[in-house]
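One file, start.tsv, carrying TSV, C-alpha atoms and all ligand atoms:
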```tsv
chain	number	residue	atom	x	y	z
A	30	MET	CA	0.00	0.00	0.00
A	31	PRO	CA	1.45	3.42	-0.94
A	32	VAL	CA	2.17	6.19	1.54
A	33	PRO	CA	3.54	9.66	0.74
A	34	PRO	CA	7.32	9.76	0.13
A	35	LYS	CA	9.50	10.19	3.21
A	36	ASP	CA	10.32	13.87	2.52
A	37	SER	CA	6.65	14.67	2.11
A	38	THR	CA	5.62	12.85	5.28
A	39	SER	CA	8.25	14.65	7.31
A	40	PHE	CA	6.96	17.93	5.88
A	41	LEU	CA	3.44	16.96	6.98
A	42	GLU	CA	4.90	16.45	10.44
A	43	LYS	CA	6.27	20.01	10.30
A	44	MET	CA	2.87	21.30	9.20
A	45	ILE	CA	1.26	19.65	12.22
A	46	ALA	CA	3.97	21.03	14.50
A	47	THR	CA	3.26	24.56	13.28
A	48	PRO	CA	0.32	26.14	15.10
A	49	SER	CA	-2.14	27.84	12.79
A	50	PRO	CA	-5.29	28.90	14.64
A	51	THR	CA	-7.95	30.56	12.50
A	52	GLY	CA	-6.94	34.15	11.75
A	53	PHE	CA	-3.27	33.48	12.51
A	54	GLU	CA	-2.20	31.36	9.54
A	55	ALA	CA	0.73	33.43	8.21
A	56	ARG	CA	3.42	31.29	9.81
A	57	ILE	CA	2.30	28.04	8.24
A	58	GLN	CA	1.82	29.74	4.87
A	59	LYS	CA	5.47	30.83	4.99
A	60	LEU	CA	6.58	27.30	5.83
A	61	ILE	CA	4.52	25.87	2.95
A	62	ARG	CA	5.77	28.48	0.50
A	63	ALA	CA	9.38	27.58	1.21
A	64	GLN	CA	8.69	23.91	0.53
A	65	TYR	CA	6.31	23.97	-2.45
A	66	GLU	CA	6.98	27.11	-4.51
A	67	GLN	CA	9.57	25.11	-6.49
A	68	TYR	CA	6.70	23.22	-8.13
A	69	ALA	CA	4.67	26.28	-9.14
A	70	ASP	CA	4.91	28.90	-11.86
A	71	GLU	CA	3.28	31.54	-9.67
A	72	VAL	CA	2.56	32.09	-5.99
A	73	HIS	CA	-0.18	34.46	-4.85
A	74	ARG	CA	-1.31	35.75	-1.47
A	75	ASP	CA	-4.22	37.92	-0.43
A	76	VAL	CA	-5.21	40.18	2.46
A	77	HIS	CA	-7.07	37.40	4.29
A	78	GLY	CA	-3.92	35.29	4.37
A	79	ASN	CA	-4.93	32.86	1.61
A	80	GLN	CA	-2.07	31.55	-0.49
A	81	TRP	CA	-2.19	29.74	-3.78
A	82	PHE	CA	0.25	28.19	-6.19
A	83	VAL	CA	-0.40	28.16	-9.92
A	84	CYS	CA	0.91	25.41	-12.18
A	85	ASN	CA	0.60	25.86	-15.94
A	86	PRO	CA	-1.16	29.25	-15.76
A	87	LYS	CA	-1.63	29.29	-19.55
A	88	GLY	CA	-4.05	26.37	-19.33
A	89	SER	CA	-7.58	27.18	-20.50
A	90	VAL	CA	-9.45	25.35	-17.70
A	91	ARG	CA	-8.87	26.71	-14.20
A	92	LEU	CA	-8.99	23.95	-11.58
A	93	MET	CA	-8.98	25.12	-7.98
A	94	LEU	CA	-8.03	22.64	-5.27
A	95	SER	CA	-8.56	23.93	-1.76
A	96	GLY	CA	-7.40	22.66	1.63
A	97	HIS	CA	-7.66	24.89	4.67
A	98	VAL	CA	-4.62	25.53	6.83
A	99	ASP	CA	-6.42	27.03	9.83
A	100	GLU	CA	-7.25	25.01	12.93
A	101	ILE	CA	-9.60	25.26	15.88
A	102	GLY	CA	-8.35	26.45	19.24
A	103	LEU	CA	-9.02	28.92	22.02
A	104	MET	CA	-8.37	32.64	22.53
A	105	VAL	CA	-7.50	34.74	25.55
A	106	ARG	CA	-10.61	36.66	26.60
A	107	TYR	CA	-10.02	37.71	30.23
A	108	ILE	CA	-7.30	37.48	32.86
A	109	ASP	CA	-8.50	37.25	36.47
A	110	GLY	CA	-6.92	38.66	39.63
A	111	ASP	CA	-5.00	35.45	40.30
A	112	GLY	CA	-3.50	35.37	36.81
A	113	PHE	CA	-5.70	32.63	35.33
A	114	ILE	CA	-6.69	33.02	31.67
A	115	TRP	CA	-10.33	32.66	30.67
A	116	VAL	CA	-11.01	31.84	27.07
A	117	THR	CA	-13.32	31.98	24.10
A	118	ARG	CA	-13.39	29.38	21.36
A	119	ILE	CA	-11.82	29.59	17.90
A	120	GLY	CA	-14.09	27.47	15.69
A	121	GLY	CA	-15.79	24.31	16.89
A	122	THR	CA	-13.56	23.36	19.84
A	123	ASP	CA	-15.19	20.76	22.08
A	124	PRO	CA	-14.77	21.72	25.78
A	125	VAL	CA	-15.16	18.06	26.83
A	126	GLN	CA	-11.83	17.30	25.15
A	127	LEU	CA	-9.88	19.96	27.04
A	128	TRP	CA	-9.50	19.22	30.76
A	129	GLY	CA	-6.08	17.94	31.70
A	130	SER	CA	-4.44	19.17	28.49
A	131	ARG	CA	-1.24	21.06	27.89
A	132	VAL	CA	-1.68	24.12	25.68
A	133	ASN	CA	0.46	26.81	24.10
A	134	VAL	CA	-0.58	30.46	24.34
A	135	HIS	CA	0.89	32.16	21.27
A	136	THR	CA	2.24	35.51	22.43
A	137	LYS	CA	4.29	38.11	20.61
A	138	ASN	CA	7.37	36.72	22.34
A	139	GLY	CA	6.66	33.12	21.40
A	140	PRO	CA	4.63	30.29	22.89
A	141	VAL	CA	3.86	30.20	26.62
A	142	ARG	CA	3.05	26.79	28.06
A	143	GLY	CA	-0.14	26.39	30.05
A	144	VAL	CA	-2.49	23.71	31.28
A	145	ILE	CA	-6.25	23.45	31.43
A	146	GLY	CA	-6.93	22.70	35.04
A	147	LYS	CA	-9.76	21.20	37.05
A	148	LYS	CA	-10.38	20.38	40.69
A	149	PRO	CA	-9.83	16.71	41.57
A	150	ILE	CA	-12.57	14.13	41.43
A	151	HIS	CA	-12.42	13.87	45.25
A	152	ASN	CA	-13.71	17.41	45.58
A	153	THR	CA	-16.32	17.10	42.83
A	154	PRO	CA	-19.87	16.31	44.03
A	155	PRO	CA	-20.89	12.77	42.89
A	156	GLU	CA	-23.71	14.13	40.71
A	157	ASP	CA	-21.22	16.29	38.74
A	158	ARG	CA	-18.53	13.64	38.23
A	159	THR	CA	-19.99	12.24	35.04
A	160	LYS	CA	-20.70	15.63	33.48
A	161	GLY	CA	-18.36	17.19	30.95
A	162	PRO	CA	-17.19	20.77	31.30
A	163	LYS	CA	-18.80	23.75	29.64
A	164	LEU	CA	-16.70	26.40	27.94
A	165	GLU	CA	-17.23	28.74	30.93
A	166	ASP	CA	-15.56	26.14	33.19
A	167	ILE	CA	-12.37	26.19	31.13
A	168	TYR	CA	-9.38	28.32	32.10
A	169	VAL	CA	-5.67	28.21	31.31
A	170	ASP	CA	-3.06	28.17	34.09
A	171	ILE	CA	0.39	29.34	32.96
A	172	GLY	CA	1.92	29.08	36.44
A	173	SER	CA	1.68	32.78	37.27
A	174	LYS	CA	1.57	34.12	40.82
A	175	ASP	CA	-0.83	36.93	39.96
A	176	LYS	CA	-2.50	38.97	37.23
A	177	GLU	CA	0.52	41.23	36.70
A	178	GLU	CA	2.75	38.28	35.94
A	179	THR	CA	0.31	36.89	33.38
A	180	LEU	CA	-0.13	40.32	31.80
A	181	LYS	CA	3.61	40.63	31.30
A	182	LYS	CA	3.47	37.64	28.96
A	183	VAL	CA	-0.04	37.37	27.56
A	184	ARG	CA	-2.25	39.81	25.70
A	185	ILE	CA	-6.01	39.71	25.29
A	186	GLY	CA	-6.64	38.10	21.89
A	187	ASP	CA	-3.62	35.79	21.92
A	188	PRO	CA	-4.62	32.48	20.32
A	189	ILE	CA	-4.17	29.15	22.09
A	190	THR	CA	-3.60	25.69	20.62
A	191	MET	CA	-3.26	22.24	22.11
A	192	ALA	CA	0.36	21.23	22.73
A	193	VAL	CA	0.17	17.94	20.82
A	194	GLY	CA	2.23	16.92	17.81
A	195	PHE	CA	2.34	14.26	15.13
A	196	GLU	CA	2.87	10.58	15.89
A	197	ARG	CA	2.90	7.44	13.76
A	198	LEU	CA	0.88	4.38	14.76
A	199	PRO	CA	0.80	0.91	13.18
A	200	ASN	CA	-0.88	0.31	9.80
A	201	ASP	CA	0.29	3.68	8.45
A	202	PHE	CA	-2.07	5.47	10.81
A	203	ALA	CA	-1.01	8.81	12.26
A	204	ILE	CA	-2.39	10.95	15.06
A	205	GLY	CA	-2.12	14.62	15.86
A	206	ARG	CA	-3.80	17.88	16.59
A	207	ALA	CA	-5.31	19.60	13.54
A	208	MET	CA	-5.28	16.75	11.06
A	209	ASP	CA	-8.36	18.86	10.21
A	210	ASP	CA	-7.26	20.12	7.84
A	211	ARG	CA	-3.47	19.97	7.56
A	212	VAL	CA	-3.92	16.70	5.71
A	213	GLY	CA	-6.29	18.34	3.21
A	214	ALA	CA	-3.84	21.15	2.50
A	215	PHE	CA	-1.05	18.57	2.29
A	216	VAL	CA	-3.02	16.53	-0.26
A	217	VAL	CA	-3.60	19.66	-2.37
A	218	LEU	CA	0.13	20.48	-2.29
A	219	GLU	CA	1.15	16.91	-3.07
A	220	ALA	CA	-1.32	16.82	-5.96
A	221	MET	CA	0.39	19.95	-7.30
A	222	ARG	CA	3.83	18.37	-6.90
A	223	LYS	CA	2.66	15.31	-8.85
A	224	PHE	CA	0.91	17.41	-11.49
A	225	SER	CA	4.09	19.43	-12.05
A	226	GLY	CA	5.88	16.11	-12.65
A	227	LEU	CA	3.22	14.95	-15.10
A	228	LEU	CA	3.46	18.26	-16.98
A	229	LYS	CA	6.96	17.35	-18.09
A	230	LYS	CA	5.56	14.40	-20.04
A	231	LYS	CA	2.40	15.98	-21.42
A	232	LYS	CA	2.56	18.91	-23.81
A	233	ASN	CA	0.13	21.79	-23.40
A	234	PRO	CA	-2.38	20.30	-20.99
A	235	ASP	CA	-5.63	22.24	-20.71
A	236	CYS	CA	-5.56	22.50	-16.94
A	237	ALA	CA	-4.25	25.52	-15.08
A	238	LEU	CA	-3.95	24.19	-11.55
A	239	TYR	CA	-4.58	26.53	-8.60
A	240	ALA	CA	-3.49	24.83	-5.38
A	241	VAL	CA	-5.04	26.88	-2.59
A	242	CYS	CA	-4.10	26.83	1.09
A	243	SER	CA	-7.21	28.56	2.33
A	244	VAL	CA	-7.74	30.30	5.67
A	245	GLN	CA	-10.62	30.78	8.10
A	246	GLU	CA	-12.55	27.66	7.10
A	247	GLU	CA	-13.40	26.86	10.71
A	248	VAL	CA	-15.34	30.09	11.15
A	249	GLY	CA	-17.40	29.92	7.96
A	250	LEU	CA	-15.42	29.02	4.83
A	251	ARG	CA	-14.22	32.60	4.50
A	252	GLY	CA	-10.86	32.02	2.78
A	253	ALA	CA	-12.31	29.70	0.16
A	254	THR	CA	-15.07	32.21	-0.54
A	255	THR	CA	-12.70	35.05	-1.32
A	256	SER	CA	-9.98	33.04	-3.06
A	257	ALA	CA	-12.55	31.37	-5.31
A	258	TYR	CA	-13.82	34.81	-6.30
A	259	THR	CA	-10.31	35.93	-7.22
A	260	ILE	CA	-9.29	32.75	-9.03
A	261	ASN	CA	-12.66	32.39	-10.79
A	262	PRO	CA	-12.23	28.64	-11.40
A	263	HIS	CA	-14.21	26.51	-13.84
A	264	VAL	CA	-13.83	23.48	-11.57
A	265	GLY	CA	-13.22	23.51	-7.81
A	266	ILE	CA	-12.50	20.65	-5.42
A	267	GLY	CA	-12.36	21.01	-1.65
A	268	VAL	CA	-10.16	18.63	0.29
A	269	ASP	CA	-10.99	18.21	3.95
A	270	VAL	CA	-11.33	15.55	6.60
A	271	GLY	CA	-14.54	13.52	6.80
A	272	PHE	CA	-16.04	11.43	9.58
A	273	ALA	CA	-14.58	7.95	9.79
A	274	THR	CA	-17.11	5.64	11.46
A	275	ASP	CA	-14.87	2.62	12.05
A	276	TYR	CA	-14.62	2.97	15.82
A	277	PRO	CA	-16.93	2.38	18.79
A	278	SER	CA	-19.80	4.82	19.33
A	279	GLU	CA	-20.16	6.09	15.76
A	280	ASN	CA	-23.51	5.45	14.09
A	281	LYS	CA	-23.11	4.06	10.56
A	282	LYS	CA	-26.86	4.10	10.02
A	283	GLN	CA	-26.88	7.88	10.29
A	284	ILE	CA	-23.43	8.92	9.15
A	285	GLY	CA	-22.52	6.15	6.66
A	286	GLU	CA	-19.64	3.70	6.61
A	287	TYR	CA	-16.10	5.05	6.19
A	288	LYS	CA	-12.90	3.34	7.22
A	289	LEU	CA	-9.33	4.51	7.56
A	290	GLY	CA	-7.08	3.22	4.81
A	291	LEU	CA	-9.78	2.42	2.24
A	292	GLY	CA	-9.18	5.57	0.23
A	293	PRO	CA	-10.71	9.04	0.05
A	294	ILE	CA	-14.41	9.65	0.53
A	295	LEU	CA	-15.99	10.93	-2.69
A	296	HIS	CA	-19.29	12.71	-2.23
A	297	ARG	CA	-22.58	12.77	-4.10
A	298	GLY	CA	-25.40	15.24	-3.64
A	299	ALA	CA	-26.45	18.83	-4.28
A	300	ASN	CA	-23.04	20.30	-3.48
A	301	ILE	CA	-21.37	18.08	-6.05
A	302	ASN	CA	-21.36	18.49	-9.83
A	303	PRO	CA	-22.51	15.16	-11.37
A	304	PRO	CA	-20.21	15.12	-14.45
A	305	LEU	CA	-17.26	15.97	-12.21
A	306	ALA	CA	-18.20	13.24	-9.73
A	307	ASP	CA	-18.46	10.74	-12.60
A	308	MET	CA	-15.08	11.84	-13.95
A	309	MET	CA	-13.43	11.41	-10.55
A	310	GLU	CA	-14.91	7.96	-9.94
A	311	GLY	CA	-13.92	6.91	-13.46
A	312	LEU	CA	-10.31	8.04	-12.99
A	313	ALA	CA	-10.12	6.35	-9.58
A	314	ASP	CA	-11.34	3.08	-11.14
A	315	LYS	CA	-8.94	3.43	-14.06
A	316	HIS	CA	-5.92	3.96	-11.80
A	317	SER	CA	-6.97	1.41	-9.16
A	318	ILE	CA	-7.38	4.09	-6.49
A	319	PRO	CA	-9.84	2.88	-3.85
A	320	TYR	CA	-12.56	5.25	-2.66
A	321	GLN	CA	-15.62	5.31	-0.44
A	322	LEU	CA	-18.87	6.99	-1.43
A	323	SER	CA	-20.82	9.43	0.72
A	324	GLY	CA	-24.37	10.65	0.09
A	325	ASP	CA	-24.88	14.22	1.26
A	326	GLY	CA	-28.43	15.49	0.97
A	327	GLY	CA	-27.51	19.11	1.59
A	328	VAL	CA	-24.47	21.33	1.38
A	329	THR	CA	-21.23	20.04	2.86
A	330	GLY	CA	-19.74	22.38	5.48
A	331	THR	CA	-16.47	22.57	3.58
A	332	ASP	CA	-14.60	24.77	1.12
A	333	ALA	CA	-16.49	22.89	-1.62
A	334	GLY	CA	-19.71	24.50	-0.35
A	335	ALA	CA	-18.28	27.99	-0.77
A	336	ILE	CA	-16.54	27.35	-4.08
A	337	GLN	CA	-19.70	25.90	-5.68
A	338	ILE	CA	-21.62	29.18	-5.40
A	339	SER	CA	-18.80	31.56	-6.24
A	340	ARG	CA	-19.82	34.11	-8.92
A	341	GLY	CA	-22.01	32.36	-11.52
A	342	GLY	CA	-21.36	28.90	-10.10
A	343	VAL	CA	-18.47	26.44	-10.22
A	344	ALA	CA	-18.48	22.70	-10.95
A	345	ALA	CA	-17.58	21.56	-7.43
A	346	ALA	CA	-16.60	18.35	-5.70
A	347	LEU	CA	-15.27	17.27	-2.34
A	348	VAL	CA	-12.58	14.78	-1.43
A	349	SER	CA	-12.63	13.82	2.25
A	350	ILE	CA	-9.89	12.07	4.19
A	351	PRO	CA	-11.47	9.67	6.70
A	352	ASN	CA	-10.68	11.02	10.18
A	353	ARG	CA	-11.34	9.50	13.60
A	354	TYR	CA	-12.05	11.77	16.61
A	355	MET	CA	-12.80	14.98	14.67
A	356	HIS	CA	-12.04	18.24	16.50
A	357	SER	CA	-10.12	16.49	19.26
A	358	PRO	CA	-6.37	16.77	19.96
A	359	ILE	CA	-5.85	13.20	18.78
A	360	GLU	CA	-7.40	13.11	15.33
A	361	MET	CA	-6.37	9.96	13.48
A	362	VAL	CA	-5.94	9.44	9.73
A	363	SER	CA	-4.31	6.92	7.41
A	364	LEU	CA	-1.25	8.09	5.46
A	365	GLN	CA	-2.32	5.74	2.67
A	366	ASP	CA	-5.52	7.76	2.20
A	367	LEU	CA	-3.40	10.89	1.71
A	368	GLU	CA	-1.40	9.25	-1.04
A	369	TYR	CA	-4.50	7.89	-2.79
A	370	SER	CA	-6.13	11.33	-2.62
A	371	SER	CA	-3.23	13.31	-4.07
A	372	GLU	CA	-2.83	10.71	-6.81
A	373	LEU	CA	-6.49	11.00	-7.77
A	374	LEU	CA	-6.39	14.81	-7.81
A	375	ALA	CA	-3.24	14.87	-9.94
A	376	GLN	CA	-5.03	12.58	-12.41
A	377	VAL	CA	-8.09	14.86	-12.44
A	378	ALA	CA	-5.83	17.80	-13.23
A	379	ILE	CA	-3.87	16.19	-16.02
A	380	ASN	CA	-7.03	14.75	-17.61
A	381	LEU	CA	-9.14	17.90	-17.57
A	382	LYS	CA	-10.07	18.97	-21.09
A	383	GLN	CA	-11.42	22.24	-22.35
A	384	SER	CA	-13.95	20.32	-24.46
A	385	GLN	CA	-15.45	18.67	-21.39
A	386	SER	CA	-18.82	20.05	-20.32
A	387	PHE	CA	-19.78	20.12	-16.66
A	388	ILE	CA	-23.38	21.06	-17.36
A	389	PRO	CA	-25.44	18.21	-15.91
A	390	GLU	CA	-27.36	16.02	-18.34
A	391	PRO	CA	-30.30	13.75	-17.38
A	392	ASN	CA	-28.69	10.92	-15.45
A	393	LEU	CA	-31.57	9.12	-13.79
A	394	PRO	CA	-33.46	6.52	-15.85
A	395	GLU	CA	-37.02	7.61	-16.68
B	401	ZN	ZN	-11.80	21.05	8.09
```

The structure given in the file should be rewritten as C-alpha cells.
Amino acid sequence: MPVPPKDSTSFLEKMIATPSPTGFEARIQKLIRAQYEQYADEVHRDVHGNQWFVCNPKGSVRLMLSGHVDEIGLMVRYIDGDGFIWVTRIGGTDPVQLWGSRVNVHTKNGPVRGVIGKKPIHNTPPEDRTKGPKLEDIYVDIGSKDKEETLKKVRIGDPITMAVGFERLPNDFAIGRAMDDRVGAFVVLEAMRKFSGLLKKKKNPDCALYAVCSVQEEVGLRGATTSAYTINPHVGIGVDVGFATDYPSENKKQIGEYKLGLGPILHRGANINPPLADMMEGLADKHSIPYQLSGDGGVTGTDAGAIQISRGGVAAALVSIPNRYMHSPIEMVSLQDLEYSSELLAQVAINLKQSQSFIPEPNLPE
C-alpha cells in the first residue's frame, strides 16, 4: 500500500507542528511556500492570508483545489486577579476534550506553556462527576503568581492551541492535533507536486492548476469564498477531513460507513457536480485508487460548499480524508488515504479537457 514519500511525510509532520489557529495562519503559509513554490509557476497571497500556487497558468481550464490551513483552538478573553486566563473558542472546539491538556498560548514573544486545570474528582460532588465541562468552566493556568505576571506575557486576543504533535501508529495510521485540515492542504500540495511532474511528459495540458491553502474555514469558509472569487475557477475541489465511522460509538446508520485506509471519501449530492463526480470515480477506477462513497443530501460544510456558489457557479466536488475523533487533539488518519487522494487529484488535473462540459445532463433513468 502506498504512503507519501518520506520527505513529504516529514513535511506533513512540520505542518502539524506549526500552530495555525484561525486568523493566525501566516506562519504556516510561509513554511509551505518555502517547501512547495519550487513546483509552481506563480505564488499568490491575499489580504485574508490565503495563499495559492499556480501550475501551468496558460491552461484554459482553471482547476482550484482547496485545503484549509487554519485550525480550531481557544483565545485569551479575560485574565482574572489570580492570573488565570479565561477563554473563548476559535471554531468548533469541544470543551469536553480539554480538561487535563497542555496548551500553548501564542504571544508576541513566542509560545507560553499552560495547562487546562480542574479540581480533583475527590472534591467534585458525585452528581457532577460524570458531566463534561462547559466552555465557561475552562481556564488556562500558565503558572503565574498573579494577574501582573500573566499580563507581562499574555495579551487579550492571543490564540491558544493544544500542545500535541504528530505521531505514527501501526498500519500507516497517524495521530495529531489539527489533522483537520493539515492533511487536506497537504493533499492539495502533493497533488500539485505530482501534477508538475506529469506536466513534463504531457505537452500543453488544458488544466491551469490553482493549489489553494485557504484560511478561516473553521469560522465559515471565509478564505475559500474570497480566493474562489479571485481565481474564478471553472472546476473547484475542496479537500478536507470527513467522519470515519470505524470505531466504537459512531452510528453508521446515520453517518454512513467510512474506514481509515480504504481511500478518500468521494461525495454525491447537491453540493457536487454530477459530471465531475463521474469523472473522478472513473479516474479512480482506471488507476486502481480505492474510494468510499458518501451521500450528502444538503451542502457540505467545507470549502467545496463555498466554491460551488462563487460568482455564476463552479463545478464543485469534495474529497474527504477519513478522520477519527474529529475536533479532538488526537485526530487519526491513514497516510495511505493521503497518497490515494493526491494521486487522484493529480489525475483529475492532467485529464481535464477544455472540451469537457460540466453542465449536468439527465442521469436518472425515466
Ligand atoms: Zn476542516

- Query: What does the distance from atom CA of Asp123 of chain A to atom CA of Ser357 of chain A come to in Å, to one decimal?
  - Reply: 7.2 Å

- Pick out the residues sitting within 10 Å of Glu219 of chain A, and hand them over as a ChimeraX atom specification; count all atoms listed in the file, and ignore anything fewer than 6 positions along from it in its own chain. /A:33-34,37,65,68,213,225,240,367-368,370-372,374-375

Restricting the output to C-alpha atoms, write the selected residues as an mmCIF file, in the frame of the given file.
```cif
data_model
loop_
_atom_site.group_PDB
_atom_site.id
_atom_site.type_symbol
_atom_site.label_atom_id
_atom_site.label_comp_id
_atom_site.auth_asym_id
_atom_site.auth_seq_id
_atom_site.Cartn_x
_atom_site.Cartn_y
_atom_site.Cartn_z
ATOM 1 C CA PRO A 33 3.540 9.660 0.740
ATOM 2 C CA PRO A 34 7.320 9.760 0.130
ATOM 3 C CA SER A 37 6.650 14.670 2.110
ATOM 4 C CA TYR A 65 6.310 23.970 -2.450
ATOM 5 C CA TYR A 68 6.700 23.220 -8.130
ATOM 6 C CA GLY A 213 -6.290 18.340 3.210
ATOM 7 C CA SER A 225 4.090 19.430 -12.050
ATOM 8 C CA ALA A 240 -3.490 24.830 -5.380
ATOM 9 C CA LEU A 367 -3.400 10.890 1.710
ATOM 10 C CA GLU A 368 -1.400 9.250 -1.040
ATOM 11 C CA SER A 370 -6.130 11.330 -2.620
ATOM 12 C CA SER A 371 -3.230 13.310 -4.070
ATOM 13 C CA GLU A 372 -2.830 10.710 -6.810
ATOM 14 C CA LEU A 374 -6.390 14.810 -7.810
ATOM 15 C CA ALA A 375 -3.240 14.870 -9.940
#
```

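Closest approach to Asp366 of chain A among A:His77, A:Lys223, A:Lys288, A:Lys137 is made by A:Lys288 (distances from only C-alpha atoms).
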
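For the residues A:Ala346, A:Ala378, A:Leu60, A:Val32, ranking by smallest atom-to-atom distance to Met221 of chain A using all atoms listed in the file places A:Ala378 first.
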
- Suppose you want the space between atom CA of Met208 of chain A and atom CA of Met355 of chain A; what is it in Å?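 About the pair atom CA of Met208 of chain A and atom CA of Met355 of chain A: they are 8.5 Å apart.
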
- Item | Residue nearest Lys43 of chain A - candidates A:Arg106, A:Arg56, A:Lys282, A:Arg91, atoms counted: all atoms listed in the file |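 Among the listed residues, A:Arg56 lies closest to Lys43 of chain A.
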
- Message: I want to know what sits within 10 Å of Leu364 of chain A, based on only C-alpha atoms, with residues of the same chain fewer than 5 positions away left out; could you give that as a list in words?
- Response: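 Listing them by chain and then by number gives Met30, Pro31, Val32, Pro33, Thr38, Arg197, Asn200, Asp201, Phe202, Ala203, Val212, Leu289, Gly290, Gly292, Ile350, Tyr369 and Ser370 of chain A.
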
- Task: Give the answer as one residue: which of A:Val377, A:Val248, A:Ile57, A:Ala344 has the shortest atom-to-atom distance to ligand ZN 401 (chain B), using all atoms listed in the file?
- Result: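 Among A:Val377, A:Val248, A:Ile57, A:Ala344, it is A:Val248 that comes nearest to ligand ZN 401 (chain B).
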
- Message: For a quick check of understanding, using all atoms listed in the file, which of A:Gly265, A:Gly102, A:Pro389, A:Pro154 has the smallest distance to Cys236 of chain A?
- Response: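 Among the listed residues, A:Gly265 lies closest to Cys236 of chain A.
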
Determine, for each residue of chain A having at least one atom at most 7 Å from an atom of ligand ZN 401 (chain B), the closest pair of atoms and their separation in Å to one decimal, counting only C-alpha atoms and all ligand atoms; order by chain and ascending number, as CSV.
```
residue,atom,partner,partner_atom,distance
A:His97,CA,B:ZN401,ZN,6.6
A:Asp209,CA,B:ZN401,ZN,4.6
A:Asp210,CA,B:ZN401,ZN,4.6
A:Glu246,CA,B:ZN401,ZN,6.7
A:Glu247,CA,B:ZN401,ZN,6.6
A:Asp269,CA,B:ZN401,ZN,5.1
A:Val270,CA,B:ZN401,ZN,5.7
A:Thr331,CA,B:ZN401,ZN,6.7
```

Keeping C-alpha atoms, export the residues of the selection given above as a PDB file, keeping the file's coordinate frame.
```pdb
ATOM      1  CA  HIS A  97      -7.660  24.890   4.670  1.00  0.00           C
ATOM      2  CA  ASP A 209      -8.360  18.860  10.210  1.00  0.00           C
ATOM      3  CA  ASP A 210      -7.260  20.120   7.840  1.00  0.00           C
ATOM      4  CA  GLU A 246     -12.550  27.660   7.100  1.00  0.00           C
ATOM      5  CA  GLU A 247     -13.400  26.860  10.710  1.00  0.00           C
ATOM      6  CA  ASP A 269     -10.990  18.210   3.950  1.00  0.00           C
ATOM      7  CA  VAL A 270     -11.330  15.550   6.600  1.00  0.00           C
ATOM      8  CA  THR A 331     -16.470  22.570   3.580  1.00  0.00           C
TER       9      THR A 331
END
```

- For atom CA of Gly129 of chain A and atom CA of His356 of chain A, quote the distance in Å rounded to one decimal.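 These two atoms are separated by 16.3 Å.
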
- Could you name the residues that touch Ala207 of chain A at 8 Å or less, counting all atoms listed in the file, but leaving out those on the same chain fewer than 4 positions away, as a list in words?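 My list of contacting residues is Ile45, Glu100, Ile101, Arg211, His356, Pro358 and Glu360 of chain A.
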
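Minimum distance to Thr329 of chain A across A:Val132, A:Leu250, A:Ile114, A:Val244 (counting all atoms listed in the file) occurs at A:Leu250.
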